[in-house]
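A.B. asks: I'm passing along coords_3.cif; it holds mmCIF, N, CA and C atoms.
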```cif
data_my_file
#
loop_
_atom_site.group_PDB
_atom_site.id
_atom_site.type_symbol
_atom_site.label_atom_id
_atom_site.label_comp_id
_atom_site.auth_asym_id
_atom_site.auth_seq_id
_atom_site.Cartn_x
_atom_site.Cartn_y
_atom_site.Cartn_z
ATOM 1 N N MET A 1 103.245 88.114 96.979
ATOM 2 C CA MET A 1 103.392 89.343 96.190
ATOM 3 C C MET A 1 103.075 89.028 94.731
ATOM 4 N N ARG A 2 102.503 90.005 94.065
ATOM 5 C CA ARG A 2 102.204 89.836 92.659
ATOM 6 C C ARG A 2 103.433 90.191 91.823
ATOM 7 N N PRO A 3 103.543 89.616 90.641
ATOM 8 C CA PRO A 3 104.671 89.944 89.765
ATOM 9 C C PRO A 3 104.679 91.423 89.396
ATOM 10 N N ALA A 4 105.852 91.971 89.160
ATOM 11 C CA ALA A 4 105.984 93.380 88.772
ATOM 12 C C ALA A 4 105.189 93.645 87.509
ATOM 13 N N GLY A 5 104.548 94.802 87.454
ATOM 14 C CA GLY A 5 103.787 95.189 86.275
ATOM 15 C C GLY A 5 102.336 94.751 86.291
ATOM 16 N N ARG A 6 101.952 93.879 87.199
ATOM 17 C CA ARG A 6 100.565 93.419 87.295
ATOM 18 C C ARG A 6 99.774 94.382 88.165
ATOM 19 N N ARG A 7 98.545 94.663 87.783
ATOM 20 C CA ARG A 7 97.692 95.573 88.551
ATOM 21 C C ARG A 7 96.762 94.783 89.449
ATOM 22 N N ARG A 8 96.418 95.378 90.552
ATOM 23 C CA ARG A 8 95.478 94.778 91.478
ATOM 24 C C ARG A 8 94.278 95.697 91.583
ATOM 25 N N SER A 9 93.102 95.125 91.707
ATOM 26 C CA SER A 9 91.881 95.913 91.782
ATOM 27 C C SER A 9 91.012 95.407 92.920
ATOM 28 N N SER A 10 90.356 96.329 93.611
ATOM 29 C CA SER A 10 89.392 95.960 94.640
ATOM 30 C C SER A 10 88.304 97.023 94.672
ATOM 31 N N CYS A 11 87.202 96.710 95.316
ATOM 32 C CA CYS A 11 86.088 97.635 95.375
ATOM 33 C C CYS A 11 85.521 97.653 96.787
ATOM 34 N N ALA A 12 85.267 98.837 97.327
ATOM 35 C CA ALA A 12 84.639 98.978 98.638
ATOM 36 C C ALA A 12 83.621 100.095 98.565
ATOM 37 N N TRP A 13 82.473 99.904 99.196
ATOM 38 C CA TRP A 13 81.418 100.917 99.233
ATOM 39 C C TRP A 13 81.229 101.359 100.662
ATOM 40 N N ILE A 14 81.343 102.648 100.910
ATOM 41 C CA ILE A 14 81.121 103.204 102.235
ATOM 42 C C ILE A 14 80.148 104.364 102.070
ATOM 43 N N LEU A 15 78.909 104.145 102.441
ATOM 44 C CA LEU A 15 77.889 105.181 102.292
ATOM 45 C C LEU A 15 77.791 106.018 103.552
ATOM 46 N N LEU A 16 77.663 107.303 103.384
ATOM 47 C CA LEU A 16 77.451 108.222 104.481
ATOM 48 C C LEU A 16 75.959 108.511 104.577
ATOM 49 N N THR A 17 75.551 109.276 105.571
ATOM 50 C CA THR A 17 74.134 109.612 105.700
ATOM 51 C C THR A 17 73.650 110.385 104.483
ATOM 52 N N GLU A 18 72.381 110.288 104.215
ATOM 53 C CA GLU A 18 71.738 110.984 103.105
ATOM 54 C C GLU A 18 72.318 110.602 101.749
ATOM 55 N N ASN A 19 72.832 109.384 101.636
ATOM 56 C CA ASN A 19 73.364 108.857 100.370
ATOM 57 C C ASN A 19 74.481 109.702 99.779
ATOM 58 N N ILE A 20 75.223 110.384 100.614
ATOM 59 C CA ILE A 20 76.394 111.133 100.148
ATOM 60 C C ILE A 20 77.577 110.179 100.188
ATOM 61 N N GLU A 21 78.246 110.031 99.096
ATOM 62 C CA GLU A 21 79.368 109.098 99.004
ATOM 63 C C GLU A 21 80.669 109.875 98.852
ATOM 64 N N ASP A 22 81.659 109.514 99.624
ATOM 65 C CA ASP A 22 82.993 110.073 99.456
ATOM 66 C C ASP A 22 83.754 109.086 98.572
ATOM 67 N N PRO A 23 83.838 109.351 97.267
ATOM 68 C CA PRO A 23 84.396 108.357 96.359
ATOM 69 C C PRO A 23 85.908 108.187 96.454
ATOM 70 N N VAL A 24 86.608 109.167 96.972
ATOM 71 C CA VAL A 24 88.064 109.087 97.043
ATOM 72 C C VAL A 24 88.501 109.581 98.425
ATOM 73 N N THR A 25 89.253 108.770 99.139
ATOM 74 C CA THR A 25 89.639 109.138 100.504
ATOM 75 C C THR A 25 91.147 109.066 100.688
ATOM 76 N N GLY A 26 91.755 110.236 100.829
ATOM 77 C CA GLY A 26 93.195 110.300 101.046
ATOM 78 C C GLY A 26 93.610 109.685 102.370
ATOM 79 N N SER A 27 92.813 109.901 103.417
ATOM 80 C CA SER A 27 93.178 109.370 104.731
ATOM 81 C C SER A 27 93.179 107.841 104.733
ATOM 82 N N ALA A 28 92.209 107.231 104.061
ATOM 83 C CA ALA A 28 92.177 105.766 103.974
ATOM 84 C C ALA A 28 93.377 105.246 103.191
ATOM 85 N N ASN A 29 93.746 105.955 102.136
ATOM 86 C CA ASN A 29 94.901 105.534 101.346
ATOM 87 C C ASN A 29 96.210 105.731 102.096
ATOM 88 N N ALA A 30 96.270 106.746 102.956
ATOM 89 C CA ALA A 30 97.460 106.925 103.799
ATOM 90 C C ALA A 30 97.594 105.750 104.760
ATOM 91 N N ALA A 31 96.474 105.340 105.364
ATOM 92 C CA ALA A 31 96.491 104.192 106.276
ATOM 93 C C ALA A 31 96.893 102.918 105.535
ATOM 94 N N LEU A 32 96.357 102.726 104.333
ATOM 95 C CA LEU A 32 96.717 101.561 103.527
ATOM 96 C C LEU A 32 98.206 101.569 103.194
ATOM 97 N N ALA A 33 98.735 102.719 102.819
ATOM 98 C CA ALA A 33 100.157 102.828 102.480
ATOM 99 C C ALA A 33 101.033 102.478 103.676
ATOM 100 N N MET A 34 100.648 102.940 104.866
ATOM 101 C CA MET A 34 101.420 102.626 106.067
ATOM 102 C C MET A 34 101.324 101.136 106.412
ATOM 103 N N LEU A 35 100.149 100.539 106.219
ATOM 104 C CA LEU A 35 99.984 99.107 106.469
ATOM 105 C C LEU A 35 100.856 98.291 105.522
ATOM 106 N N LEU A 36 100.829 98.632 104.237
ATOM 107 C CA LEU A 36 101.666 97.934 103.265
ATOM 108 C C LEU A 36 103.140 98.057 103.631
ATOM 109 N N SER A 37 103.549 99.229 104.100
ATOM 110 C CA SER A 37 104.933 99.440 104.503
ATOM 111 C C SER A 37 105.285 98.575 105.710
ATOM 112 N N ALA A 38 104.398 98.562 106.708
ATOM 113 C CA ALA A 38 104.643 97.781 107.923
ATOM 114 C C ALA A 38 104.733 96.290 107.622
ATOM 115 N N GLN A 39 104.007 95.832 106.614
ATOM 116 C CA GLN A 39 104.014 94.420 106.240
ATOM 117 C C GLN A 39 105.113 94.086 105.237
ATOM 118 N N GLY A 40 105.925 95.088 104.863
ATOM 119 C CA GLY A 40 106.976 94.853 103.881
ATOM 120 C C GLY A 40 106.424 94.562 102.498
ATOM 121 N N ARG A 41 105.256 95.146 102.169
ATOM 122 C CA ARG A 41 104.597 94.864 100.890
ATOM 123 C C ARG A 41 104.407 96.119 100.044
ATOM 124 N N ARG A 42 105.303 97.083 100.150
ATOM 125 C CA ARG A 42 105.201 98.283 99.315
ATOM 126 C C ARG A 42 105.225 97.878 97.846
ATOM 127 N N PRO A 43 104.317 98.449 97.035
ATOM 128 C CA PRO A 43 104.332 98.125 95.611
ATOM 129 C C PRO A 43 105.385 98.901 94.823
ATOM 130 N N GLY A 44 106.204 99.670 95.499
ATOM 131 C CA GLY A 44 107.245 100.471 94.868
ATOM 132 C C GLY A 44 107.471 101.724 95.687
ATOM 133 N N ALA A 45 108.286 102.630 95.184
ATOM 134 C CA ALA A 45 108.546 103.890 95.885
ATOM 135 C C ALA A 45 107.321 104.795 95.863
ATOM 136 N N SER A 46 106.445 104.568 94.884
ATOM 137 C CA SER A 46 105.191 105.320 94.795
ATOM 138 C C SER A 46 104.186 104.481 94.025
ATOM 139 N N PHE A 47 102.909 104.817 94.199
ATOM 140 C CA PHE A 47 101.863 104.159 93.423
ATOM 141 C C PHE A 47 100.641 105.062 93.381
ATOM 142 N N THR A 48 99.711 104.747 92.491
ATOM 143 C CA THR A 48 98.493 105.528 92.323
ATOM 144 C C THR A 48 97.286 104.638 92.558
ATOM 145 N N VAL A 49 96.310 105.172 93.289
ATOM 146 C CA VAL A 49 95.067 104.460 93.572
ATOM 147 C C VAL A 49 93.939 105.152 92.821
ATOM 148 N N ARG A 50 93.082 104.364 92.163
ATOM 149 C CA ARG A 50 91.876 104.888 91.510
ATOM 150 C C ARG A 50 90.686 104.528 92.372
ATOM 151 N N GLN A 51 89.818 105.474 92.621
ATOM 152 C CA GLN A 51 88.595 105.239 93.367
ATOM 153 C C GLN A 51 87.464 106.036 92.738
ATOM 154 N N GLY A 52 86.236 105.610 92.991
ATOM 155 C CA GLY A 52 85.061 106.347 92.551
ATOM 156 C C GLY A 52 84.619 106.057 91.134
ATOM 157 N N THR A 53 85.303 105.185 90.432
ATOM 158 C CA THR A 53 84.996 104.906 89.028
ATOM 159 C C THR A 53 83.574 104.404 88.853
ATOM 160 N N ALA A 54 83.141 103.479 89.720
ATOM 161 C CA ALA A 54 81.799 102.897 89.602
ATOM 162 C C ALA A 54 80.703 103.934 89.843
ATOM 163 N N LEU A 55 81.036 105.032 90.512
ATOM 164 C CA LEU A 55 80.064 106.085 90.800
ATOM 165 C C LEU A 55 80.074 107.184 89.752
ATOM 166 N N GLY A 56 80.948 107.046 88.752
ATOM 167 C CA GLY A 56 81.075 108.104 87.757
ATOM 168 C C GLY A 56 81.826 109.309 88.291
ATOM 169 N N ARG A 57 82.572 109.124 89.390
ATOM 170 C CA ARG A 57 83.348 110.211 90.002
ATOM 171 C C ARG A 57 84.785 109.736 90.160
ATOM 172 N N ASP A 58 85.379 109.395 89.035
ATOM 173 C CA ASP A 58 86.724 108.815 89.012
ATOM 174 C C ASP A 58 87.744 109.748 89.636
ATOM 175 N N GLY A 59 88.496 109.234 90.568
ATOM 176 C CA GLY A 59 89.537 110.018 91.216
ATOM 177 C C GLY A 59 90.809 109.205 91.368
ATOM 178 N N ARG A 60 91.899 109.906 91.511
ATOM 179 C CA ARG A 60 93.192 109.244 91.694
ATOM 180 C C ARG A 60 93.914 109.872 92.875
ATOM 181 N N VAL A 61 94.530 109.022 93.662
ATOM 182 C CA VAL A 61 95.337 109.456 94.797
ATOM 183 C C VAL A 61 96.741 108.924 94.565
ATOM 184 N N SER A 62 97.725 109.811 94.615
ATOM 185 C CA SER A 62 99.111 109.373 94.471
ATOM 186 C C SER A 62 99.720 109.200 95.862
ATOM 187 N N ILE A 63 100.417 108.109 96.041
ATOM 188 C CA ILE A 63 101.089 107.800 97.304
ATOM 189 C C ILE A 63 102.575 107.697 97.022
ATOM 190 N N THR A 64 103.370 108.412 97.799
ATOM 191 C CA THR A 64 104.824 108.371 97.663
ATOM 192 C C THR A 64 105.437 108.127 99.029
ATOM 193 N N TYR A 65 106.312 107.144 99.116
ATOM 194 C CA TYR A 65 107.021 106.861 100.363
ATOM 195 C C TYR A 65 108.235 107.770 100.464
ATOM 196 N N ASP A 66 108.479 108.314 101.640
ATOM 197 C CA ASP A 66 109.614 109.194 101.896
ATOM 198 C C ASP A 66 110.360 108.669 103.113
ATOM 199 N N ASP A 67 111.351 107.839 102.879
ATOM 200 C CA ASP A 67 112.087 107.213 103.978
ATOM 201 C C ASP A 67 112.984 108.185 104.722
ATOM 202 N N GLU A 68 113.159 109.393 104.196
ATOM 203 C CA GLU A 68 113.977 110.403 104.871
ATOM 204 C C GLU A 68 113.153 111.225 105.862
ATOM 205 N N ALA A 69 111.814 111.155 105.765
ATOM 206 C CA ALA A 69 110.938 111.963 106.619
ATOM 207 C C ALA A 69 110.849 111.370 108.020
ATOM 208 N N SER A 70 110.706 112.240 108.998
ATOM 209 C CA SER A 70 110.455 111.757 110.351
ATOM 210 C C SER A 70 108.947 111.693 110.552
ATOM 211 N N GLY A 71 108.492 110.852 111.439
ATOM 212 C CA GLY A 71 107.052 110.701 111.640
ATOM 213 C C GLY A 71 106.481 109.742 110.619
ATOM 214 N N ALA A 72 105.426 110.138 109.940
ATOM 215 C CA ALA A 72 104.783 109.290 108.940
ATOM 216 C C ALA A 72 105.419 109.529 107.573
ATOM 217 N N PRO A 73 106.160 108.554 107.056
ATOM 218 C CA PRO A 73 106.895 108.747 105.801
ATOM 219 C C PRO A 73 106.057 108.490 104.547
ATOM 220 N N VAL A 74 104.851 109.065 104.494
ATOM 221 C CA VAL A 74 103.984 108.877 103.337
ATOM 222 C C VAL A 74 103.439 110.230 102.899
ATOM 223 N N TRP A 75 103.539 110.497 101.609
ATOM 224 C CA TRP A 75 102.949 111.706 101.029
ATOM 225 C C TRP A 75 101.740 111.286 100.212
ATOM 226 N N ILE A 76 100.627 111.992 100.412
ATOM 227 C CA ILE A 76 99.392 111.734 99.680
ATOM 228 C C ILE A 76 99.120 112.941 98.799
ATOM 229 N N GLY A 77 98.804 112.708 97.547
ATOM 230 C CA GLY A 77 98.563 113.823 96.634
ATOM 231 C C GLY A 77 97.418 113.550 95.690
ATOM 232 N N GLY A 78 96.962 114.606 95.055
ATOM 233 C CA GLY A 78 95.886 114.504 94.079
ATOM 234 C C GLY A 78 95.063 115.772 94.092
ATOM 235 N N GLN A 79 94.120 115.856 93.199
ATOM 236 C CA GLN A 79 93.223 117.000 93.148
ATOM 237 C C GLN A 79 92.098 116.787 94.151
ATOM 238 N N SER A 80 91.498 117.881 94.604
ATOM 239 C CA SER A 80 90.406 117.759 95.565
ATOM 240 C C SER A 80 89.273 118.715 95.218
ATOM 241 N N VAL A 81 88.114 118.409 95.752
ATOM 242 C CA VAL A 81 86.923 119.229 95.586
ATOM 243 C C VAL A 81 86.291 119.377 96.960
ATOM 244 N N THR A 82 85.955 120.607 97.357
ATOM 245 C CA THR A 82 85.271 120.819 98.630
ATOM 246 C C THR A 82 83.811 120.433 98.465
ATOM 247 N N VAL A 83 83.363 119.466 99.280
ATOM 248 C CA VAL A 83 81.984 119.008 99.228
ATOM 249 C C VAL A 83 81.195 119.596 100.391
ATOM 250 N N VAL A 84 81.836 119.668 101.555
ATOM 251 C CA VAL A 84 81.205 120.203 102.747
ATOM 252 C C VAL A 84 82.168 121.198 103.356
ATOM 253 N N ASP A 85 81.671 122.347 103.798
ATOM 254 C CA ASP A 85 82.495 123.362 104.426
ATOM 255 C C ASP A 85 81.755 123.851 105.654
ATOM 256 N N GLY A 86 82.462 124.003 106.766
ATOM 257 C CA GLY A 86 81.802 124.471 107.967
ATOM 258 C C GLY A 86 82.731 124.421 109.150
ATOM 259 N N THR A 87 82.171 124.656 110.315
ATOM 260 C CA THR A 87 82.942 124.604 111.548
ATOM 261 C C THR A 87 82.149 123.793 112.583
ATOM 262 N N PHE A 88 82.853 123.360 113.600
ATOM 263 C CA PHE A 88 82.189 122.713 114.711
ATOM 264 C C PHE A 88 82.937 123.038 115.982
ATOM 265 N N GLY A 89 82.244 123.019 117.073
ATOM 266 C CA GLY A 89 82.857 123.349 118.363
ATOM 267 C C GLY A 89 82.996 122.105 119.228
ATOM 268 N N ILE A 90 83.984 122.175 120.073
ATOM 269 C CA ILE A 90 84.210 121.052 121.001
ATOM 270 C C ILE A 90 83.939 121.525 122.410
#
```
Would you write the structure of this file as structure tokens?
C.D. replies:
Amino acid sequence: MRPAGRRRSSCAWILLTENIEDPVTGSANAALAMLLSAQGRRPGASFTVRQGTALGRDGRVSITYDDEASGAPVWIGGQSVTVVDGTFGI
């Protein structure tokens, strides 16, 4: 574990078809938050993730642990922008 107050940084690039990039992903951050919890490595009761900075599309995702919730005890928050809208059939 890193000392309290120290920041950690990492970079990942995931390109979609036609060079469309999703610079900020709440679902990926929810999975990361649950993994950190399962490993006993929560960075606190809440934390903020920055993504998209290198693309000029800086975004932030807030993660808050809720130990009183049933099911998945993680809340994901932040602002969003609709990039694609549509329907599909199964």
A.B. asks: When you count only C-alpha atoms, which of these residues is closest to A:Ala31: A:Ala45, A:Asp58, A:Thr87, A:Ile63?
C.D. replies: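 Smallest separation from A:Ala31 among the options: A:Ile63.
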A.B. asks: Around all listed atoms of stretch 48-64 of chain A, padded 8 Å per side, what centre and edge lengths does the axis-aligned box have in Å to one decimal, as AutoDock Vina command-line options?
C.D. replies:
```
--center_x 92.8 --center_y 106.6 --center_z 93.4 --size_x 41.4 --size_y 23.3 --size_z 27.3
```
A.B. asks: To one decimal place, how far is atom CA of A:Arg60 from atom N of A:Val84 in Å?
C.D. replies: 18.3 Å
A.B. asks: Rank nothing, just name the residue among A:Val61, A:Ala54, A:Val49, A:Met34 nearest to A:Pro73, using only N, CA and C atoms.
C.D. replies: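 Comparing A:Val61, A:Ala54, A:Val49, A:Met34 against A:Pro73, the winner is A:Met34.
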A.B. asks: The PyMOL selection byres ((chain A and resi 75) around 7) - which residues does that actually catch in the file I just gave you? List them as a PyMOL selection string.
C.D. replies: chain A and resi 62-66+72-74+76-77
A.B. asks: For atom CA of A:Gly71 and atom CA of A:Asp85, quote the distance in Å rounded to one decimal.
C.D. replies: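 Interatomic distance here is 28.6 Å.
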A.B. asks: Could you work out how far atom CA of A:Leu55 lies from atom CA of A:Leu32, giving the answer in Å with one decimal?
C.D. replies: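 Straight-line distance from atom CA of A:Leu32 to atom CA of A:Leu55 works out to 21.4 Å.
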A.B. asks: Name the closest residue to A:Gly59 among the candidates A:Ala33, A:Val24, A:Ile90, A:Ala38; distances are taken between atoms, counting only C-alpha atoms.
C.D. replies: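 When distances to A:Gly59 are compared using only C-alpha atoms, the smallest one comes from A:Val24.
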